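Trainee: Submitted below is the structure of interest, expressed as structure tokens.
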Amino acid sequence: VFCYGCHAVIVYGFAYDAISADYPGVCRRRLREALGGSAHCQFIQGLGGNVRPRALADLEAGVFRKPSPEDPDAVGGQLATDVLDALSGDGETLSLDLAAAAGFAYPKRDRDKILPLSHWESLVASDAETSRNLGAYWANRIRHGPPPGQVVLWAIGLIRLTQAHRVAWLSGEVLAEWLGHLREWFADANLIAWGYCQDGRGYMPTDELLPQGGYEVDRSNTYNKTGPGPFAKGINQEAKDGFLALARQ
């Protein structure tokens, strides 16, 4: 079982309508070849909601370049090498003391920042089909209800391997900055965190990222039925309270 916090968006960049396992699929194949055909190699998505493959970064221009069909093999192959390097190192044998707990955190939407009805009505006349559909949906919701959500039910959980080894999992497209918070709350620099778990939808930013705006904070929530407003400040505390309650269980 291996975990990596990065969007699998390489194939998406050169074959928009493809269905692909992207770099994780390449990595799994390489690992099976190296470990033997009977090995099951399970990829789990880490906290990569705002992370793209660095192989696509044009550092001089400060942009991400258009990917090519060769990139998934290069990125997946590099990750497979890294996983095999980790397996060949000095590991730690655990005496398992398994337990698990799951529940919800309840971050609030900032309803004062929901754009007015006129904005959504203007989108209905857009040339872009997605914008037209978006405008029609939210214009109808604002006129007739149900009203936009006040809170989001954010599924979270803890898996205890031993008293000193935990995995925290979170639903939704969890941004990378959550890992530092989780490790601080549990005073565990080695805590492992998994994102994209269970049934959560939408990007989950931290309080620190809210003022920056951008797609993950502002625009993405318009595509989520609990939107269309961004989260209100206080999401960090909601997550902390939820996780510490799970730890007490």
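Residue numbering restarts at 1 for every chain of the structure tokens, chains are lettered A, B, ... in their displayed order, and ligands are numbered from 1 as they appear.
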Going by DSSP on the backbone, which residues of region 4-203 of chain A come out as strand (DSSP E)? List them as a PyMOL selection string.
Mentor: chain A and resi 4+43-45+57-58+63-64+99-105+154-162+165-170+173-174+192-194+203
Trainee: Would you mind exporting N, CA, C and O atoms of the selected residues as a short mmCIF file (atom, residue, chain, number, x, y, z; two decimals), in the first residue's frame?
Mentor:
```
data_model
loop_
_atom_site.label_atom_id
_atom_site.label_comp_id
_atom_site.auth_asym_id
_atom_site.auth_seq_id
_atom_site.Cartn_x
_atom_site.Cartn_y
_atom_site.Cartn_z
N TYR A 4 0.58 8.84 -2.18
CA TYR A 4 1.30 9.99 -2.74
C TYR A 4 0.31 11.13 -2.92
O TYR A 4 -0.80 10.92 -3.39
N PHE A 43 -2.52 1.90 -4.69
CA PHE A 43 -2.27 3.34 -4.58
C PHE A 43 -3.39 3.99 -3.78
O PHE A 43 -4.57 3.70 -4.01
N ILE A 44 -3.02 4.86 -2.84
CA ILE A 44 -4.00 5.67 -2.12
C ILE A 44 -3.60 7.13 -2.26
O ILE A 44 -2.43 7.48 -2.09
N GLN A 45 -4.58 7.97 -2.60
CA GLN A 45 -4.30 9.38 -2.85
C GLN A 45 -4.01 10.12 -1.54
O GLN A 45 -4.80 10.05 -0.59
N ALA A 57 6.18 21.21 -14.53
CA ALA A 57 6.42 22.60 -14.16
C ALA A 57 7.51 23.21 -15.05
O ALA A 57 8.61 22.67 -15.16
N ASP A 58 7.20 24.34 -15.68
CA ASP A 58 8.20 25.16 -16.36
C ASP A 58 8.63 26.21 -15.35
O ASP A 58 7.98 27.25 -15.20
N VAL A 63 4.92 28.47 -14.98
CA VAL A 63 3.64 27.89 -15.40
C VAL A 63 3.82 26.37 -15.52
O VAL A 63 4.93 25.85 -15.48
N PHE A 64 2.70 25.69 -15.70
CA PHE A 64 2.75 24.27 -16.02
C PHE A 64 2.62 24.12 -17.53
O PHE A 64 1.73 24.70 -18.15
N ALA A 99 -7.52 -0.22 15.59
CA ALA A 99 -8.81 0.39 15.94
C ALA A 99 -9.10 1.46 14.91
O ALA A 99 -8.19 1.93 14.21
N ALA A 100 -10.36 1.84 14.80
CA ALA A 100 -10.73 2.87 13.85
C ALA A 100 -11.94 3.63 14.37
O ALA A 100 -12.76 3.10 15.13
N ALA A 101 -12.03 4.88 13.97
CA ALA A 101 -13.19 5.71 14.30
C ALA A 101 -13.45 6.64 13.13
O ALA A 101 -12.50 7.08 12.44
N ALA A 102 -14.70 6.94 12.89
CA ALA A 102 -15.07 7.82 11.78
C ALA A 102 -16.21 8.74 12.21
O ALA A 102 -16.99 8.41 13.10
N GLY A 103 -16.27 9.89 11.58
CA GLY A 103 -17.33 10.84 11.90
C GLY A 103 -17.30 12.00 10.91
O GLY A 103 -16.94 11.81 9.75
N PHE A 104 -17.67 13.18 11.40
CA PHE A 104 -17.76 14.34 10.52
C PHE A 104 -17.19 15.58 11.22
O PHE A 104 -17.27 15.71 12.44
N ALA A 105 -16.64 16.47 10.42
CA ALA A 105 -16.42 17.85 10.83
C ALA A 105 -17.49 18.69 10.13
O ALA A 105 -18.09 18.23 9.15
N TRP A 154 -18.37 17.00 6.41
CA TRP A 154 -17.04 16.61 5.94
C TRP A 154 -16.64 15.32 6.64
O TRP A 154 -16.33 15.31 7.82
N ALA A 155 -16.67 14.21 5.91
CA ALA A 155 -16.34 12.91 6.49
C ALA A 155 -14.85 12.82 6.79
O ALA A 155 -14.01 13.13 5.95
N ILE A 156 -14.53 12.40 8.02
CA ILE A 156 -13.14 12.24 8.46
C ILE A 156 -13.02 10.96 9.27
O ILE A 156 -14.02 10.43 9.75
N GLY A 157 -11.80 10.49 9.43
CA GLY A 157 -11.62 9.29 10.24
C GLY A 157 -10.18 9.08 10.65
O GLY A 157 -9.26 9.70 10.12
N LEU A 158 -10.00 8.19 11.62
CA LEU A 158 -8.68 7.79 12.11
C LEU A 158 -8.58 6.27 12.08
O LEU A 158 -9.54 5.57 12.41
N ILE A 159 -7.42 5.79 11.65
CA ILE A 159 -7.11 4.37 11.72
C ILE A 159 -5.89 4.23 12.62
O ILE A 159 -4.84 4.82 12.33
N ARG A 160 -6.01 3.48 13.70
CA ARG A 160 -4.88 3.26 14.60
C ARG A 160 -4.21 1.94 14.23
O ARG A 160 -4.85 0.89 14.20
N LEU A 161 -2.92 2.04 13.91
CA LEU A 161 -2.12 0.84 13.69
C LEU A 161 -1.50 0.37 15.01
O LEU A 161 -1.54 -0.82 15.34
N THR A 162 -0.89 1.31 15.74
CA THR A 162 -0.41 1.08 17.11
C THR A 162 -0.72 2.36 17.88
O THR A 162 -1.20 3.34 17.32
N HIS A 165 1.17 5.00 16.01
CA HIS A 165 1.10 5.08 14.55
C HIS A 165 -0.36 5.19 14.12
O HIS A 165 -1.14 4.26 14.36
N ARG A 166 -0.68 6.31 13.48
CA ARG A 166 -2.06 6.54 13.03
C ARG A 166 -2.07 6.97 11.57
O ARG A 166 -1.13 7.56 11.06
N VAL A 167 -3.20 6.69 10.93
CA VAL A 167 -3.52 7.24 9.61
C VAL A 167 -4.78 8.08 9.77
O VAL A 167 -5.78 7.61 10.32
N ALA A 168 -4.71 9.33 9.33
CA ALA A 168 -5.91 10.20 9.30
C ALA A 168 -6.42 10.22 7.87
O ALA A 168 -5.65 10.38 6.93
N TRP A 169 -7.72 10.01 7.70
CA TRP A 169 -8.27 10.12 6.35
C TRP A 169 -9.35 11.20 6.32
O TRP A 169 -10.00 11.50 7.32
N LEU A 170 -9.48 11.81 5.14
CA LEU A 170 -10.41 12.92 4.96
C LEU A 170 -11.08 12.77 3.61
O LEU A 170 -10.46 12.35 2.62
N GLU A 173 -11.41 16.82 -1.90
CA GLU A 173 -10.10 17.10 -2.50
C GLU A 173 -9.32 17.96 -1.51
O GLU A 173 -9.40 19.18 -1.50
N VAL A 174 -8.57 17.28 -0.66
CA VAL A 174 -7.95 17.91 0.50
C VAL A 174 -6.65 18.57 0.09
O VAL A 174 -5.77 17.93 -0.49
N ILE A 192 0.43 9.79 8.86
CA ILE A 192 0.09 9.63 7.44
C ILE A 192 -1.34 10.11 7.24
O ILE A 192 -2.22 9.85 8.07
N ALA A 193 -1.58 10.82 6.14
CA ALA A 193 -2.92 11.32 5.84
C ALA A 193 -3.32 10.94 4.43
O ALA A 193 -2.52 11.06 3.49
N TRP A 194 -4.55 10.49 4.29
CA TRP A 194 -5.12 10.13 2.99
C TRP A 194 -6.27 11.08 2.68
O TRP A 194 -7.10 11.40 3.54
N TYR A 203 -13.30 20.85 -3.03
CA TYR A 203 -11.99 21.16 -2.45
C TYR A 203 -12.13 21.61 -1.00
O TYR A 203 -13.08 22.31 -0.65
#
```
Trainee: Using only C-alpha atoms, determine which residues lie at most 7 Å from region 109-114 of chain A, disregarding the query and same-chain residues fewer than 2 positions distant; provide the list as number ranges by chain.
Mentor: A: 107, 116, 150-151, 228-232
Trainee: Calculated over only C-alpha atoms, which of the candidates A:Gly76, A:Gln42, A:Arg141, A:Arg201 has the smallest distance to Arg30 (chain A)?
Mentor: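 Checking each of A:Gly76, A:Gln42, A:Arg141, A:Arg201 against Arg30 (chain A), counting only C-alpha atoms, the winner is A:Gly76.
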Trainee: For each of A:Leu134, A:Leu117, A:Leu182, A:Leu94, take the minimum atom-to-atom distance to Arg219 (chain A), counting only C-alpha atoms, then give the residue where this is smallest.
Mentor: A:Leu134
Trainee: Can you list, as an MDAnalysis selection string, all residues belonging to region 4-249 of chain A that DSSP tags as alpha helix (DSSP H)?
Mentor: chainID A and resid 10:14 22:35 71:88 117:123 129:144 178:185 235:248
Trainee: What is the CA of Glu177 (chain A)-CA of Ala86 (chain A) distance in Å, reported with one decimal?
Mentor: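 CA of Ala86 (chain A) lies 23.5 Å from CA of Glu177 (chain A).
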Trainee: Residues near Val83 (chain A), anyone? I mean within 10 Å using only C-alpha atoms, not counting same-chain ones fewer than 6 positions away, as a list in words.
Mentor: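 Skipping anything fewer than 6 positions along the chain leaves Val1, Phe2, Cys3, Tyr4, Cys27, Leu31 and Gly77 of chain A.
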Trainee: What does the file look like for those residues with N, CA, C and O atoms, as an mmCIF file, in the first residue's frame?
Mentor:
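Saved as again.cif:
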```
data_model
loop_
_atom_site.group_PDB
_atom_site.id
_atom_site.type_symbol
_atom_site.label_atom_id
_atom_site.label_comp_id
_atom_site.auth_asym_id
_atom_site.auth_seq_id
_atom_site.Cartn_x
_atom_site.Cartn_y
_atom_site.Cartn_z
ATOM 1 N N VAL A 1 0.860 -1.180 0.000
ATOM 2 C CA VAL A 1 0.000 0.000 0.000
ATOM 3 C C VAL A 1 0.898 1.233 0.000
ATOM 4 O O VAL A 1 1.779 1.355 0.852
ATOM 5 N N PHE A 2 0.727 2.098 -0.968
ATOM 6 C CA PHE A 2 1.566 3.293 -1.019
ATOM 7 C C PHE A 2 0.698 4.512 -1.289
ATOM 8 O O PHE A 2 -0.367 4.421 -1.893
ATOM 9 N N CYS A 3 1.155 5.638 -0.797
ATOM 10 C CA CYS A 3 0.364 6.867 -0.791
ATOM 11 C C CYS A 3 1.211 7.990 -1.370
ATOM 12 O O CYS A 3 2.415 8.083 -1.101
ATOM 13 N N TYR A 4 0.584 8.839 -2.183
ATOM 14 C CA TYR A 4 1.304 9.991 -2.739
ATOM 15 C C TYR A 4 0.309 11.135 -2.918
ATOM 16 O O TYR A 4 -0.803 10.916 -3.389
ATOM 17 N N CYS A 27 2.706 3.428 -12.241
ATOM 18 C CA CYS A 27 3.462 3.066 -11.049
ATOM 19 C C CYS A 27 3.085 1.671 -10.566
ATOM 20 O O CYS A 27 3.958 0.853 -10.239
ATOM 21 N N LEU A 31 5.560 -1.580 -10.248
ATOM 22 C CA LEU A 31 5.770 -2.254 -8.963
ATOM 23 C C LEU A 31 5.445 -3.742 -9.058
ATOM 24 O O LEU A 31 6.157 -4.580 -8.492
ATOM 25 N N GLY A 77 7.003 6.006 -13.450
ATOM 26 C CA GLY A 77 8.238 5.251 -13.267
ATOM 27 C C GLY A 77 9.081 5.804 -12.139
ATOM 28 O O GLY A 77 9.668 5.043 -11.360
#
```
Trainee: Give me, as a PyMOL selection string, all polymer residues having an atom no more than 7 Å from Gly5 (chain A), counting only C-alpha atoms and skipping those fewer than 4 positions away in the same chain.
Mentor: chain A and resi 45-48
Trainee: Work out how far CA of Lys225 (chain A) is from CA of Gly135 (chain A), in Å to one decimal.
Mentor: 12.8 Å
Trainee: Identify, on the basis of only C-alpha atoms, every residue whose closest approach to Arg132 (chain A) does not exceed 6 Å; exclude the query and any residue fewer than 6 positions from it along the same chain; express the result as a ChimeraX atom specification.
Mentor: /A:123-124,126
Trainee: So that I can check the surroundings of Val217 (chain A), please list as a PDB file with C-alpha atoms, in the first residue's frame every protein, DNA and RNA residue that reaches within 8 Å of it, counting only C-alpha atoms and ignoring chain neighbours fewer than 3 positions away.
Mentor:
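Final output, saved to out.pdb:
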```pdb
ATOM      1  CA  TYR A 203     -11.988  21.157  -2.453  1.00  0.00           C
ATOM      2  CA  MET A 204     -11.168  21.517   1.228  1.00  0.00           C
ATOM      3  CA  PRO A 205      -8.872  24.525   1.876  1.00  0.00           C
ATOM      4  CA  LEU A 209      -5.692  29.734   2.074  1.00  0.00           C
ATOM      5  CA  LEU A 210      -9.100  31.445   2.158  1.00  0.00           C
ATOM      6  CA  GLN A 212      -5.793  33.814  -1.458  1.00  0.00           C
ATOM      7  CA  GLY A 213      -8.949  32.905  -3.366  1.00  0.00           C
ATOM      8  CA  GLY A 214      -8.411  31.011  -6.585  1.00  0.00           C
ATOM      9  CA  SER A 220     -14.781  25.169  -7.500  1.00  0.00           C
ATOM     10  CA  ASN A 221     -17.537  25.401  -4.901  1.00  0.00           C
ATOM     11  CA  PRO A 230     -16.630  29.718  -0.154  1.00  0.00           C
ATOM     12  CA  PHE A 231     -15.926  28.370   3.297  1.00  0.00           C
TER      13      PHE A 231
END
```
Trainee: Enter the distance from CA of Glu208 (chain A) to CA of Leu179 (chain A), in Å, rounded to one decimal.
Mentor: 13.3 Å
Trainee: Show me a table, sorted first by chain and then by increasing residue number, of the residues of region 42-74 of chain A having an atom at most 9 Å from region 8-25 of chain A, each with its shortest atom pair and the distance in Å to one decimal, counting only C-alpha atoms and written as a tab-separated table.
Mentor:
```
residue	atom	partner	partner_atom	distance
A:Phe43	CA	A:Pro24	CA	6.6
A:Arg52	CA	A:Val9	CA	7.2
A:Pro53	CA	A:Ile10	CA	7.7
A:Leu56	CA	A:Ile10	CA	8.3
A:Lys66	CA	A:Gly13	CA	6.3
A:Pro67	CA	A:Gly13	CA	5.8
A:Ser68	CA	A:Phe14	CA	6.3
A:Pro69	CA	A:Val11	CA	7.1
A:Asp71	CA	A:Ile10	CA	7.0
A:Pro72	CA	A:Tyr23	CA	4.7
A:Asp73	CA	A:Tyr23	CA	6.7
A:Ala74	CA	A:Tyr23	CA	8.3
```
Trainee: Kindly save the residues from that selection, with N, CA, C and O atoms included, as a PDB file, in the first residue's frame.
Mentor:
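This went into part-v3.pdb:
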```
ATOM      1  N   PHE A  43      -2.523   1.900  -4.693  1.00  0.00           N
ATOM      2  CA  PHE A  43      -2.268   3.336  -4.576  1.00  0.00           C
ATOM      3  C   PHE A  43      -3.390   3.986  -3.783  1.00  0.00           C
ATOM      4  O   PHE A  43      -4.571   3.703  -4.012  1.00  0.00           O
ATOM      5  N   ARG A  52       0.132  19.599  -8.488  1.00  0.00           N
ATOM      6  CA  ARG A  52       0.274  18.974  -9.799  1.00  0.00           C
ATOM      7  C   ARG A  52       1.642  18.315  -9.903  1.00  0.00           C
ATOM      8  O   ARG A  52       2.554  18.663  -9.159  1.00  0.00           O
ATOM      9  N   PRO A  53       1.798  17.391 -10.852  1.00  0.00           N
ATOM     10  CA  PRO A  53       3.113  16.756 -11.020  1.00  0.00           C
ATOM     11  C   PRO A  53       4.200  17.780 -11.333  1.00  0.00           C
ATOM     12  O   PRO A  53       4.068  18.578 -12.254  1.00  0.00           O
ATOM     13  N   LEU A  56       5.777  18.561 -14.839  1.00  0.00           N
ATOM     14  CA  LEU A  56       5.123  19.436 -15.814  1.00  0.00           C
ATOM     15  C   LEU A  56       5.404  20.913 -15.554  1.00  0.00           C
ATOM     16  O   LEU A  56       4.908  21.771 -16.278  1.00  0.00           O
ATOM     17  N   LYS A  66       2.073  22.038 -21.200  1.00  0.00           N
ATOM     18  CA  LYS A  66       1.132  21.033 -21.681  1.00  0.00           C
ATOM     19  C   LYS A  66       1.816  19.664 -21.625  1.00  0.00           C
ATOM     20  O   LYS A  66       2.928  19.502 -22.116  1.00  0.00           O
ATOM     21  N   PRO A  67       1.186  18.679 -21.022  1.00  0.00           N
ATOM     22  CA  PRO A  67       1.815  17.357 -20.928  1.00  0.00           C
ATOM     23  C   PRO A  67       1.824  16.634 -22.266  1.00  0.00           C
ATOM     24  O   PRO A  67       1.086  16.984 -23.198  1.00  0.00           O
ATOM     25  N   SER A  68       2.651  15.604 -22.335  1.00  0.00           N
ATOM     26  CA  SER A  68       2.757  14.765 -23.529  1.00  0.00           C
ATOM     27  C   SER A  68       2.447  13.322 -23.147  1.00  0.00           C
ATOM     28  O   SER A  68       2.469  12.960 -21.962  1.00  0.00           O
ATOM     29  N   PRO A  69       2.178  12.455 -24.141  1.00  0.00           N
ATOM     30  CA  PRO A  69       1.889  11.049 -23.825  1.00  0.00           C
ATOM     31  C   PRO A  69       3.037  10.334 -23.141  1.00  0.00           C
ATOM     32  O   PRO A  69       2.834   9.275 -22.534  1.00  0.00           O
ATOM     33  N   ASP A  71       4.785  11.612 -20.623  1.00  0.00           N
ATOM     34  CA  ASP A  71       4.910  12.053 -19.232  1.00  0.00           C
ATOM     35  C   ASP A  71       4.357  11.068 -18.203  1.00  0.00           C
ATOM     36  O   ASP A  71       4.969  10.893 -17.136  1.00  0.00           O
ATOM     37  N   PRO A  72       3.205  10.405 -18.426  1.00  0.00           N
ATOM     38  CA  PRO A  72       2.732   9.462 -17.404  1.00  0.00           C
ATOM     39  C   PRO A  72       3.747   8.357 -17.114  1.00  0.00           C
ATOM     40  O   PRO A  72       3.931   7.968 -15.959  1.00  0.00           O
ATOM     41  N   ASP A  73       4.416   7.857 -18.163  1.00  0.00           N
ATOM     42  CA  ASP A  73       5.417   6.817 -17.946  1.00  0.00           C
ATOM     43  C   ASP A  73       6.581   7.342 -17.125  1.00  0.00           C
ATOM     44  O   ASP A  73       7.086   6.649 -16.223  1.00  0.00           O
ATOM     45  N   ALA A  74       7.016   8.567 -17.419  1.00  0.00           N
ATOM     46  CA  ALA A  74       8.159   9.127 -16.689  1.00  0.00           C
ATOM     47  C   ALA A  74       7.813   9.360 -15.221  1.00  0.00           C
ATOM     48  O   ALA A  74       8.585   9.003 -14.316  1.00  0.00           O
TER      49      ALA A  74
END
```
